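What follows is the content of query08.txt, which has compact mmCIF, C-alpha atoms:
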```
# COMPACT_ATOMS: atom_id res chain seq x y z
CA MET A 1 0.00 0.00 0.00
CA LEU A 2 2.82 2.43 0.86
CA ALA A 3 4.55 1.60 -2.41
CA ALA A 4 1.36 2.42 -4.32
CA LEU A 5 1.09 5.78 -2.55
CA ALA A 6 4.76 6.54 -3.19
CA THR A 7 4.21 5.64 -6.86
CA GLN A 8 1.41 8.20 -7.11
CA GLY A 9 3.63 10.73 -5.38
CA PHE A 10 6.51 10.24 -7.81
CA GLU A 11 4.13 10.50 -10.77
CA SER A 12 2.70 13.81 -9.49
CA PHE A 13 6.18 15.01 -8.61
CA ALA A 14 7.46 14.31 -12.15
CA GLU A 15 4.47 16.09 -13.70
CA ASP A 16 4.95 19.15 -11.47
CA MET A 17 8.62 19.43 -12.42
CA LYS A 18 7.84 18.88 -16.10
CA LYS A 19 5.15 21.59 -16.12
CA ALA A 20 7.36 24.07 -14.28
CA SER A 21 10.27 23.59 -16.65
CA ALA A 22 8.10 23.78 -19.76
CA GLN A 23 6.72 27.18 -18.80
CA SER A 24 10.01 28.94 -18.14
CA PRO A 25 12.98 30.46 -19.93
CA GLU A 26 15.06 29.01 -17.06
CA PRO A 27 13.74 25.43 -17.01
CA PHE A 28 16.19 23.90 -14.57
CA ALA A 29 15.80 26.67 -12.00
CA GLU A 30 12.01 26.40 -12.19
CA MET A 31 12.28 22.64 -11.84
CA GLY A 32 14.16 23.17 -8.57
CA VAL A 33 11.47 25.55 -7.33
CA ALA A 34 8.80 22.97 -8.23
CA TYR A 35 10.79 20.34 -6.31
CA VAL A 36 10.76 22.43 -3.13
CA ARG A 37 7.14 23.49 -3.66
CA PHE A 38 6.08 19.83 -3.94
CA ALA A 39 7.86 19.04 -0.66
CA VAL A 40 6.20 21.94 1.15
CA ASP A 41 2.75 21.26 -0.30
CA HIS A 42 2.94 17.48 0.33
CA PRO A 43 5.32 16.91 3.27
CA GLY A 44 3.98 13.49 4.23
CA MET A 45 4.08 12.27 0.65
CA PHE A 46 7.57 13.68 0.15
CA ARG A 47 8.86 11.88 3.23
CA LEU A 48 7.19 8.65 2.09
CA MET A 49 8.73 8.94 -1.37
CA PHE A 50 12.28 9.62 -0.20
CA GLY A 51 12.31 8.08 3.27
CA PRO A 52 12.70 4.54 4.55
CA SER A 53 8.97 3.70 4.86
CA VAL A 54 9.05 1.65 1.66
CA ALA A 55 11.79 -0.76 2.66
CA ASP A 56 12.33 -2.53 -0.66
CA ARG A 57 11.35 -0.36 -3.60
CA SER A 58 12.53 -3.05 -6.03
CA ARG A 59 9.51 -5.19 -5.10
CA SER A 60 7.20 -2.68 -6.79
CA PRO A 61 7.81 -2.38 -10.55
CA ASP A 62 5.35 0.54 -10.71
CA LEU A 63 7.29 2.43 -8.06
CA VAL A 64 10.61 1.73 -9.77
CA ALA A 65 9.11 3.04 -13.04
CA ALA A 66 7.72 6.18 -11.36
CA ILE A 67 11.08 6.92 -9.73
CA ALA A 68 12.80 6.42 -13.09
CA LYS A 69 10.34 8.80 -14.74
CA SER A 70 10.96 11.56 -12.20
CA THR A 71 14.70 11.02 -12.59
CA ARG A 72 14.40 11.31 -16.39
CA VAL A 73 12.45 14.57 -16.04
CA PHE A 74 15.13 15.94 -13.74
CA ASN A 75 17.90 14.85 -16.12
CA GLN A 76 16.08 16.45 -19.06
CA GLY A 77 16.18 19.70 -17.12
CA MET A 78 19.92 19.27 -16.92
CA GLU A 79 20.04 18.91 -20.71
CA ALA A 80 18.99 22.57 -20.91
CA CYS A 81 22.40 23.34 -19.42
CA LYS A 82 24.34 21.12 -21.84
CA GLY A 83 27.35 22.86 -23.28
CA VAL A 84 27.56 25.15 -20.27
CA ILE A 85 28.29 22.38 -17.79
CA SER A 86 31.17 20.03 -18.46
CA ASP A 87 30.18 17.22 -16.07
CA SER A 88 26.40 17.03 -16.15
CA ARG A 89 26.13 13.98 -13.87
CA LEU A 90 28.05 15.66 -11.08
CA THR A 91 26.15 18.90 -11.58
CA ALA A 92 22.85 17.01 -11.55
CA LEU A 93 23.82 15.42 -8.25
CA ARG A 94 24.83 18.77 -6.78
CA SER A 95 21.60 20.35 -7.96
CA TRP A 96 19.50 17.51 -6.61
CA ALA A 97 21.28 17.68 -3.25
CA LEU A 98 20.67 21.43 -3.14
CA VAL A 99 16.92 21.33 -3.72
CA HIS A 100 16.38 18.13 -1.73
CA GLY A 101 18.37 19.50 1.19
CA LEU A 102 16.44 22.76 1.11
CA SER A 103 13.18 20.80 1.02
CA MET A 104 14.17 18.81 4.10
CA LEU A 105 15.33 21.92 5.98
CA VAL A 106 11.98 23.58 5.33
CA LEU A 107 9.99 20.46 6.28
CA ASP A 108 11.99 19.99 9.47
CA GLY A 109 11.27 23.58 10.57
CA MET A 110 14.89 24.67 10.38
CA LEU A 111 14.16 27.86 8.42
CA PRO A 112 11.36 29.58 10.37
CA GLY A 113 10.23 32.92 9.06
CA PHE A 114 11.40 32.24 5.50
CA ASP A 115 9.12 31.62 2.55
CA ALA A 116 10.07 28.28 1.00
CA GLU A 117 9.43 29.34 -2.58
CA THR A 118 11.49 32.52 -2.18
CA LEU A 119 14.36 30.46 -0.78
CA ALA A 120 14.04 27.95 -3.63
CA ARG A 121 14.19 30.73 -6.20
CA ALA A 122 17.23 32.23 -4.48
CA VAL A 123 19.24 29.01 -4.29
CA THR A 124 18.37 27.77 -7.77
CA LYS A 125 19.17 31.12 -9.33
CA SER A 126 22.55 31.27 -7.64
CA ALA A 127 23.22 27.65 -8.60
CA LYS A 128 22.34 28.26 -12.25
CA PRO A 129 25.26 28.53 -14.62
CA ASN A 130 25.76 32.02 -15.98
CA PRO A 131 27.39 31.68 -19.41
CA GLY A 132 27.69 35.45 -19.82
CA GLY A 133 29.66 35.93 -16.61
CA GLY A 134 28.81 38.48 -13.94
CA SER A 135 25.87 38.15 -11.61
CA SER A 136 22.32 37.29 -12.59
```

Would you kindly transcribe this structure into structure tokens?
Amino acid sequence: MLAALATQGFESFAEDMKKASAQSPEPFAEMGVAYVRFAVDHPGMFRLMFGPSVADRSRSPDLVAAIAKSTRVFNQGMEACKGVISDSRLTALRSWALVHGLSMLVLDGMLPGFDAETLARAVTKSAKPNPGGGSS
């Protein structure tokens, strides 16, 4: 049952990131904002999806497929940065750690008084490559 719920969560999560990136001139940054927004809007689901509640994800082919889909969407966002970033896998990992870590800090109440979406926009903008140099 938990695997089925986590599957639904990953499917919604992937769609939210896909929509956010499709509607923006800065697709990867918006994808990061959507990541944090999903965590804030669905904290229980987010914890189920990424936490230890589903002990063996490999026993649910639907869950494995949903996780793969959300990973593909995230990696497609990285493709928007191709040519600017030399090691896209490492950058993808750094970017994922950034937005996931921010999501967990917000969910755990470690950033009281801050608006989660404003923080997400700030960290994804500063993490975005700037091919023209200078500040964005």

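You can rank A:Pro43, A:Gly101, A:Pro61, A:Pro52 by their closest distance to Ala4 (chain A) using all atoms listed in the file, and at the top of that list sits A:Pro61.
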
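Counting from CA of Thr91 (chain A), the distance to CA of Phe74 (chain A) is 11.6 Å.
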
* Who sits within 12 Å of region 14-27 of chain A, all atoms listed in the file, same chain under 3 positions skipped, as a ChimeraX atom specification -> /A:7-11,30-39,41,65-81,121,124-125,127-130,136

* Could you check how far CA of Met110 (chain A) sits from CA of Arg94 (chain A), in Å to one decimal? => 20.7 Å

If I wrap all listed atoms of region 16-30 of chain A in a box with edges along x, y and z and add 3 Å on each side, what are its centre and edge lengths in Å to one decimal, as JSON?
```
{"center_x": 10.6, "center_y": 24.7, "center_z": -15.7, "size_x": 17.2, "size_y": 17.6, "size_z": 14.5}
```

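Atom pair CA of Met104 (chain A) / CA of Arg47 (chain A) has a distance of 8.8 Å (rounded to one decimal).
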
* Show me as a PyMOL selection string the residues that reach within 12 Å of (18.1, 15.2, 0.9), counting only C-alpha atoms and using the file's own coordinates. => chain A and resi 35-36+39+46-47+49-51+93-108
